>>> print(open('input-v2.cif').read())   # mmCIF, N, CA and C atoms
data_model
#
loop_
_atom_site.label_atom_id
_atom_site.label_comp_id
_atom_site.auth_asym_id
_atom_site.auth_seq_id
_atom_site.Cartn_x
_atom_site.Cartn_y
_atom_site.Cartn_z
N MET A 1 -3.29 24.22 -21.46
CA MET A 1 -4.68 23.80 -21.43
C MET A 1 -5.59 25.02 -21.32
N LYS A 2 -5.19 25.97 -20.50
CA LYS A 2 -6.01 27.17 -20.34
C LYS A 2 -6.08 27.93 -21.66
N LYS A 3 -4.95 27.98 -22.35
CA LYS A 3 -4.88 28.72 -23.60
C LYS A 3 -5.78 28.12 -24.68
N ILE A 4 -5.88 26.80 -24.71
CA ILE A 4 -6.73 26.18 -25.74
C ILE A 4 -8.19 26.06 -25.29
N LYS A 5 -8.46 26.47 -24.06
CA LYS A 5 -9.82 26.49 -23.51
C LYS A 5 -10.48 25.11 -23.55
N ALA A 6 -9.77 24.14 -23.00
CA ALA A 6 -10.34 22.80 -22.93
C ALA A 6 -11.60 22.85 -22.07
N PRO A 7 -12.76 22.44 -22.59
CA PRO A 7 -14.00 22.56 -21.82
C PRO A 7 -14.14 21.51 -20.73
N VAL A 8 -13.59 20.31 -20.96
CA VAL A 8 -13.73 19.19 -20.03
C VAL A 8 -12.42 18.42 -20.01
N VAL A 9 -12.02 17.95 -18.82
CA VAL A 9 -10.84 17.10 -18.70
C VAL A 9 -11.25 15.85 -17.92
N ARG A 10 -10.84 14.71 -18.43
CA ARG A 10 -11.20 13.42 -17.84
C ARG A 10 -10.11 12.95 -16.86
N TYR A 11 -10.55 12.36 -15.77
CA TYR A 11 -9.64 11.76 -14.81
C TYR A 11 -10.28 10.53 -14.19
N PRO A 12 -9.60 9.45 -14.01
CA PRO A 12 -8.29 9.20 -14.58
C PRO A 12 -8.40 8.95 -16.06
N GLY A 13 -7.31 9.16 -16.76
CA GLY A 13 -7.32 9.04 -18.21
C GLY A 13 -6.86 7.69 -18.70
N GLY A 14 -7.20 7.42 -19.93
CA GLY A 14 -6.72 6.24 -20.63
C GLY A 14 -6.93 4.94 -19.88
N CYS A 15 -5.97 4.06 -20.03
CA CYS A 15 -6.04 2.73 -19.41
C CYS A 15 -5.85 2.78 -17.90
N PHE A 16 -5.41 3.92 -17.38
CA PHE A 16 -5.21 4.05 -15.94
C PHE A 16 -6.53 3.82 -15.20
N ALA A 17 -7.64 4.16 -15.85
CA ALA A 17 -8.96 3.96 -15.24
C ALA A 17 -9.26 2.48 -15.00
N ASP A 18 -8.60 1.60 -15.74
CA ASP A 18 -8.84 0.16 -15.57
C ASP A 18 -8.53 -0.34 -14.17
N SER A 19 -7.56 0.29 -13.53
CA SER A 19 -7.14 -0.22 -12.23
C SER A 19 -7.20 0.82 -11.13
N TYR A 20 -7.72 2.00 -11.42
CA TYR A 20 -7.71 3.09 -10.45
C TYR A 20 -8.72 2.88 -9.33
N ASP A 21 -8.27 3.07 -8.11
CA ASP A 21 -9.14 3.06 -6.94
C ASP A 21 -9.14 4.48 -6.40
N TRP A 22 -10.25 5.17 -6.51
CA TRP A 22 -10.32 6.59 -6.14
C TRP A 22 -9.87 6.83 -4.70
N ARG A 23 -10.00 5.83 -3.84
CA ARG A 23 -9.61 6.00 -2.43
C ARG A 23 -8.10 6.19 -2.29
N ASP A 24 -7.34 5.73 -3.28
CA ASP A 24 -5.88 5.91 -3.24
C ASP A 24 -5.47 7.36 -3.51
N GLY A 25 -6.35 8.15 -4.09
CA GLY A 25 -6.01 9.52 -4.48
C GLY A 25 -6.64 10.59 -3.64
N VAL A 26 -7.00 10.28 -2.39
CA VAL A 26 -7.56 11.27 -1.48
C VAL A 26 -6.73 11.30 -0.20
N GLY A 27 -6.81 12.41 0.51
CA GLY A 27 -6.05 12.56 1.75
C GLY A 27 -4.67 13.14 1.47
N PRO A 28 -3.86 13.29 2.51
CA PRO A 28 -2.53 13.88 2.33
C PRO A 28 -1.70 13.05 1.33
N ALA A 29 -1.12 13.73 0.35
CA ALA A 29 -0.38 13.05 -0.71
C ALA A 29 0.74 12.17 -0.18
N ASP A 30 1.40 12.61 0.89
CA ASP A 30 2.52 11.82 1.42
C ASP A 30 2.06 10.58 2.19
N LYS A 31 0.77 10.46 2.43
CA LYS A 31 0.24 9.29 3.15
C LYS A 31 -0.50 8.32 2.21
N ARG A 32 -0.59 8.66 0.95
CA ARG A 32 -1.30 7.81 -0.01
C ARG A 32 -0.46 6.58 -0.35
N PRO A 33 -1.15 5.47 -0.62
CA PRO A 33 -0.41 4.24 -0.92
C PRO A 33 0.27 4.27 -2.29
N ARG A 34 1.40 3.60 -2.37
CA ARG A 34 2.05 3.36 -3.66
C ARG A 34 1.56 2.01 -4.14
N ARG A 35 1.14 1.94 -5.35
CA ARG A 35 0.64 0.68 -5.91
C ARG A 35 1.54 0.24 -7.06
N THR A 36 1.63 -1.07 -7.24
CA THR A 36 2.34 -1.59 -8.40
C THR A 36 1.54 -1.22 -9.63
N ASN A 37 2.24 -0.79 -10.65
CA ASN A 37 1.59 -0.41 -11.91
C ASN A 37 0.85 -1.61 -12.48
N PHE A 38 -0.43 -1.41 -12.74
CA PHE A 38 -1.28 -2.46 -13.31
C PHE A 38 -0.71 -2.99 -14.62
N TRP A 39 -0.06 -2.11 -15.37
CA TRP A 39 0.47 -2.47 -16.69
C TRP A 39 1.94 -2.87 -16.62
N LEU A 40 2.44 -3.20 -15.43
CA LEU A 40 3.83 -3.63 -15.27
C LEU A 40 4.10 -4.79 -16.23
N GLY A 41 5.16 -4.68 -16.95
CA GLY A 41 5.49 -5.69 -17.95
C GLY A 41 5.18 -5.23 -19.35
N ALA A 42 4.35 -4.20 -19.49
CA ALA A 42 4.02 -3.67 -20.80
C ALA A 42 5.10 -2.70 -21.29
N ASP A 43 5.89 -2.16 -20.36
CA ASP A 43 6.97 -1.24 -20.73
C ASP A 43 8.16 -2.02 -21.27
N SER A 44 9.02 -1.31 -21.98
CA SER A 44 10.24 -1.93 -22.49
C SER A 44 11.32 -1.89 -21.42
N GLU A 45 12.43 -2.53 -21.69
CA GLU A 45 13.56 -2.54 -20.75
C GLU A 45 14.14 -1.14 -20.56
N LYS A 46 13.90 -0.26 -21.52
CA LYS A 46 14.44 1.10 -21.47
C LYS A 46 13.54 2.06 -20.70
N SER A 47 12.38 1.60 -20.29
CA SER A 47 11.44 2.45 -19.56
C SER A 47 12.01 2.83 -18.19
N PRO A 48 11.71 4.05 -17.72
CA PRO A 48 12.20 4.47 -16.40
C PRO A 48 11.67 3.58 -15.28
N ALA A 49 12.47 3.45 -14.23
CA ALA A 49 12.08 2.62 -13.08
C ALA A 49 10.80 3.14 -12.42
N ASN A 50 10.55 4.46 -12.49
CA ASN A 50 9.35 4.99 -11.84
C ASN A 50 8.06 4.59 -12.54
N HIS A 51 8.13 3.90 -13.67
CA HIS A 51 6.93 3.38 -14.32
C HIS A 51 6.38 2.16 -13.60
N ARG A 52 7.17 1.60 -12.69
CA ARG A 52 6.76 0.37 -12.00
C ARG A 52 5.75 0.61 -10.90
N PHE A 53 5.71 1.83 -10.38
CA PHE A 53 4.82 2.12 -9.26
C PHE A 53 4.02 3.39 -9.51
N GLU A 54 2.83 3.44 -8.95
CA GLU A 54 1.98 4.63 -8.99
C GLU A 54 1.97 5.21 -7.58
N PRO A 55 2.54 6.41 -7.38
CA PRO A 55 2.60 6.98 -6.03
C PRO A 55 1.33 7.69 -5.59
N ASN A 56 0.37 7.88 -6.51
CA ASN A 56 -0.89 8.55 -6.19
C ASN A 56 -0.69 9.97 -5.66
N GLU A 57 0.34 10.64 -6.11
CA GLU A 57 0.59 12.03 -5.70
C GLU A 57 -0.41 12.99 -6.33
N PHE A 58 -0.95 12.61 -7.47
CA PHE A 58 -1.96 13.43 -8.16
C PHE A 58 -3.27 12.67 -8.05
N GLY A 59 -4.15 13.17 -7.21
CA GLY A 59 -5.43 12.50 -6.96
C GLY A 59 -6.60 13.41 -7.25
N THR A 60 -7.72 13.12 -6.63
CA THR A 60 -8.96 13.85 -6.89
C THR A 60 -8.83 15.34 -6.57
N ASN A 61 -8.31 15.68 -5.41
CA ASN A 61 -8.18 17.11 -5.05
C ASN A 61 -7.31 17.86 -6.03
N GLU A 62 -6.17 17.25 -6.39
CA GLU A 62 -5.26 17.89 -7.33
C GLU A 62 -5.90 18.05 -8.70
N PHE A 63 -6.67 17.03 -9.11
CA PHE A 63 -7.35 17.10 -10.40
C PHE A 63 -8.38 18.22 -10.44
N VAL A 64 -9.20 18.30 -9.41
CA VAL A 64 -10.24 19.35 -9.38
C VAL A 64 -9.58 20.74 -9.33
N ARG A 65 -8.52 20.87 -8.57
CA ARG A 65 -7.78 22.14 -8.51
C ARG A 65 -7.23 22.50 -9.90
N PHE A 66 -6.67 21.52 -10.58
CA PHE A 66 -6.14 21.72 -11.92
C PHE A 66 -7.25 22.20 -12.86
N CYS A 67 -8.41 21.56 -12.81
CA CYS A 67 -9.53 21.96 -13.67
C CYS A 67 -9.95 23.40 -13.39
N LYS A 68 -10.00 23.80 -12.13
CA LYS A 68 -10.36 25.18 -11.80
C LYS A 68 -9.33 26.15 -12.36
N LEU A 69 -8.04 25.79 -12.27
CA LEU A 69 -6.98 26.66 -12.77
C LEU A 69 -7.06 26.90 -14.27
N ILE A 70 -7.48 25.88 -15.01
CA ILE A 70 -7.54 26.03 -16.47
C ILE A 70 -8.94 26.35 -16.98
N GLY A 71 -9.92 26.41 -16.09
CA GLY A 71 -11.29 26.77 -16.48
C GLY A 71 -12.05 25.64 -17.15
N ALA A 72 -11.73 24.40 -16.82
CA ALA A 72 -12.40 23.24 -17.42
C ALA A 72 -13.31 22.56 -16.39
N GLU A 73 -14.29 21.84 -16.89
CA GLU A 73 -15.15 21.03 -16.03
C GLU A 73 -14.47 19.68 -15.80
N PRO A 74 -14.47 19.20 -14.56
CA PRO A 74 -13.88 17.87 -14.31
C PRO A 74 -14.85 16.76 -14.72
N TYR A 75 -14.30 15.73 -15.33
CA TYR A 75 -15.07 14.55 -15.71
C TYR A 75 -14.40 13.36 -15.03
N LEU A 76 -15.06 12.79 -14.04
CA LEU A 76 -14.53 11.65 -13.30
C LEU A 76 -14.93 10.36 -14.00
N ALA A 77 -13.94 9.64 -14.49
CA ALA A 77 -14.19 8.40 -15.23
C ALA A 77 -14.23 7.21 -14.28
N ALA A 78 -15.23 6.39 -14.43
CA ALA A 78 -15.36 5.19 -13.61
C ALA A 78 -15.25 3.97 -14.51
N ASN A 79 -14.54 2.97 -14.05
CA ASN A 79 -14.40 1.73 -14.79
C ASN A 79 -14.74 0.61 -13.82
N VAL A 80 -15.82 -0.07 -14.07
CA VAL A 80 -16.26 -1.10 -13.13
C VAL A 80 -15.39 -2.35 -13.17
N ARG A 81 -14.36 -2.34 -13.98
CA ARG A 81 -13.37 -3.42 -13.92
C ARG A 81 -12.56 -3.31 -12.64
N SER A 82 -12.34 -2.07 -12.19
CA SER A 82 -11.50 -1.88 -11.01
C SER A 82 -12.28 -1.90 -9.70
N LEU A 83 -13.49 -1.37 -9.70
CA LEU A 83 -14.31 -1.31 -8.48
C LEU A 83 -15.78 -1.48 -8.84
N PRO A 84 -16.60 -1.90 -7.88
CA PRO A 84 -18.05 -1.98 -8.13
C PRO A 84 -18.64 -0.57 -8.31
N ALA A 85 -19.72 -0.49 -9.02
CA ALA A 85 -20.37 0.81 -9.29
C ALA A 85 -20.70 1.57 -8.00
N GLN A 86 -21.06 0.86 -6.96
CA GLN A 86 -21.39 1.51 -5.68
C GLN A 86 -20.21 2.31 -5.13
N GLU A 87 -18.98 1.81 -5.32
CA GLU A 87 -17.80 2.55 -4.85
C GLU A 87 -17.63 3.85 -5.62
N PHE A 88 -17.92 3.84 -6.89
CA PHE A 88 -17.83 5.07 -7.67
C PHE A 88 -18.91 6.07 -7.27
N ALA A 89 -20.07 5.57 -6.88
CA ALA A 89 -21.12 6.45 -6.38
C ALA A 89 -20.66 7.18 -5.12
N ARG A 90 -19.88 6.50 -4.29
CA ARG A 90 -19.35 7.13 -3.06
C ARG A 90 -18.32 8.20 -3.38
N TRP A 91 -17.58 8.02 -4.49
CA TRP A 91 -16.57 8.98 -4.92
C TRP A 91 -17.24 10.29 -5.19
#
>>> encode(input="input-v2.cif", output="structure tokens")
Amino acid sequence: MKKIKAPVVRYPGGCFADSYDWRDGVGPADKRPRRTNFWLGADSEKSPANHRFEPNEFGTNEFVRFCKLIGAEPYLAANVRSLPAQEFARW
């Protein structure tokens, strides 16, 4: 990413934003909740077992640190399907 000079990186990405609660991705990584994957059932039988749960090991702090390392601006994506707009304002 640093080599291609990505100017902006979005988090969370893709359909993950549909169910992401930013509060799950803050604080000590080992204390963050594991959530059932919102898209459970969309994977095939051959999909790895770890697709069933989201451990929230990569959260807001890790994302911002990653952006600094590669020289990109962080773009925090909000999806009001998962939380009210006021919760995203607190983020």
>>> select_by_dssp(input="input-v2.cif", residues="chain A", states="alpha helix (DSSP H)", output="number ranges by chain")
A: 60-70, 85-90
>>> closest_residue(input="input-v2.cif", among="A:Val9, A:Lys46, A:Asp24, A:Ala17", to="Glu73 (chain A)", atoms="all atoms listed in the file")
A:Val9
>>> resolve_selection(input="input-v2.cif", expression="the PyMOL selection byres ((chain A and resi 6) around 8)", output="list in words")
Met1, Lys2, Lys3, Ile4, Lys5, Pro7, Val8, Val9, Ile70, Gly71, Ala72 and Glu73 of chain A
>>> write_last_selection(input="input-v2.cif", atoms="N, CA and C atoms", output="compact mmCIF listing (two decimals), in the frame of the given file")
# COMPACT_ATOMS: atom_id res chain seq x y z
N MET A 1 -3.29 24.22 -21.46
CA MET A 1 -4.68 23.80 -21.43
C MET A 1 -5.59 25.02 -21.32
N LYS A 2 -5.19 25.97 -20.50
CA LYS A 2 -6.01 27.17 -20.34
C LYS A 2 -6.08 27.93 -21.66
N LYS A 3 -4.95 27.98 -22.35
CA LYS A 3 -4.88 28.72 -23.60
C LYS A 3 -5.78 28.12 -24.68
N ILE A 4 -5.88 26.80 -24.71
CA ILE A 4 -6.73 26.18 -25.74
C ILE A 4 -8.19 26.06 -25.29
N LYS A 5 -8.46 26.47 -24.06
CA LYS A 5 -9.82 26.49 -23.51
C LYS A 5 -10.48 25.11 -23.55
N PRO A 7 -12.76 22.44 -22.59
CA PRO A 7 -14.00 22.56 -21.82
C PRO A 7 -14.14 21.51 -20.73
N VAL A 8 -13.59 20.31 -20.96
CA VAL A 8 -13.73 19.19 -20.03
C VAL A 8 -12.42 18.42 -20.01
N VAL A 9 -12.02 17.95 -18.82
CA VAL A 9 -10.84 17.10 -18.70
C VAL A 9 -11.25 15.85 -17.92
N ILE A 70 -7.48 25.88 -15.01
CA ILE A 70 -7.54 26.03 -16.47
C ILE A 70 -8.94 26.35 -16.98
N GLY A 71 -9.92 26.41 -16.09
CA GLY A 71 -11.29 26.77 -16.48
C GLY A 71 -12.05 25.64 -17.15
N ALA A 72 -11.73 24.40 -16.82
CA ALA A 72 -12.40 23.24 -17.42
C ALA A 72 -13.31 22.56 -16.39
N GLU A 73 -14.29 21.84 -16.89
CA GLU A 73 -15.15 21.03 -16.03
C GLU A 73 -14.47 19.68 -15.80
>>> atom_distance(input="input-v2.cif", atom1="atom C of Pro12 (chain A)", atom2="atom C of Leu76 (chain A)")
7.0 Å
>>> closest_residue(input="input-v2.cif", among="A:Gln86, A:Trp91, A:Ala78, A:Glu45", to="Gly25 (chain A)", atoms="only C-alpha atoms")
A:Trp91
>>> atom_distance(input="input-v2.cif", atom1="atom N of Arg90 (chain A)", atom2="CA of Tyr20 (chain A)")
14.1 Å
>>> atom_distance(input="input-v2.cif", atom1="CA of Pro74 (chain A)", atom2="CA of Phe53 (chain A)")
25.0 Å
>>> select_by_dssp(input="input-v2.cif", residues="chain A", states="strand (DSSP E or B)", output="ChimeraX atom specification")
/A:8-11,35-36,53-54,73-76
>>> resolve_selection(input="input-v2.cif", expression="the PyMOL selection byres ((chain A and resi 35) around 6.5)", output="list of chain:residue names")
A:Pro33, A:Arg34, A:Thr36, A:Asn37, A:Phe38, A:Arg52, A:Phe53, A:Glu54, A:Pro55, A:Asn56
>>> closest_residue(input="input-v2.cif", among="A:Asp21, A:Lys68, A:Pro28, A:Glu57", to="Ala85 (chain A)", atoms="only C-alpha atoms")
A:Asp21
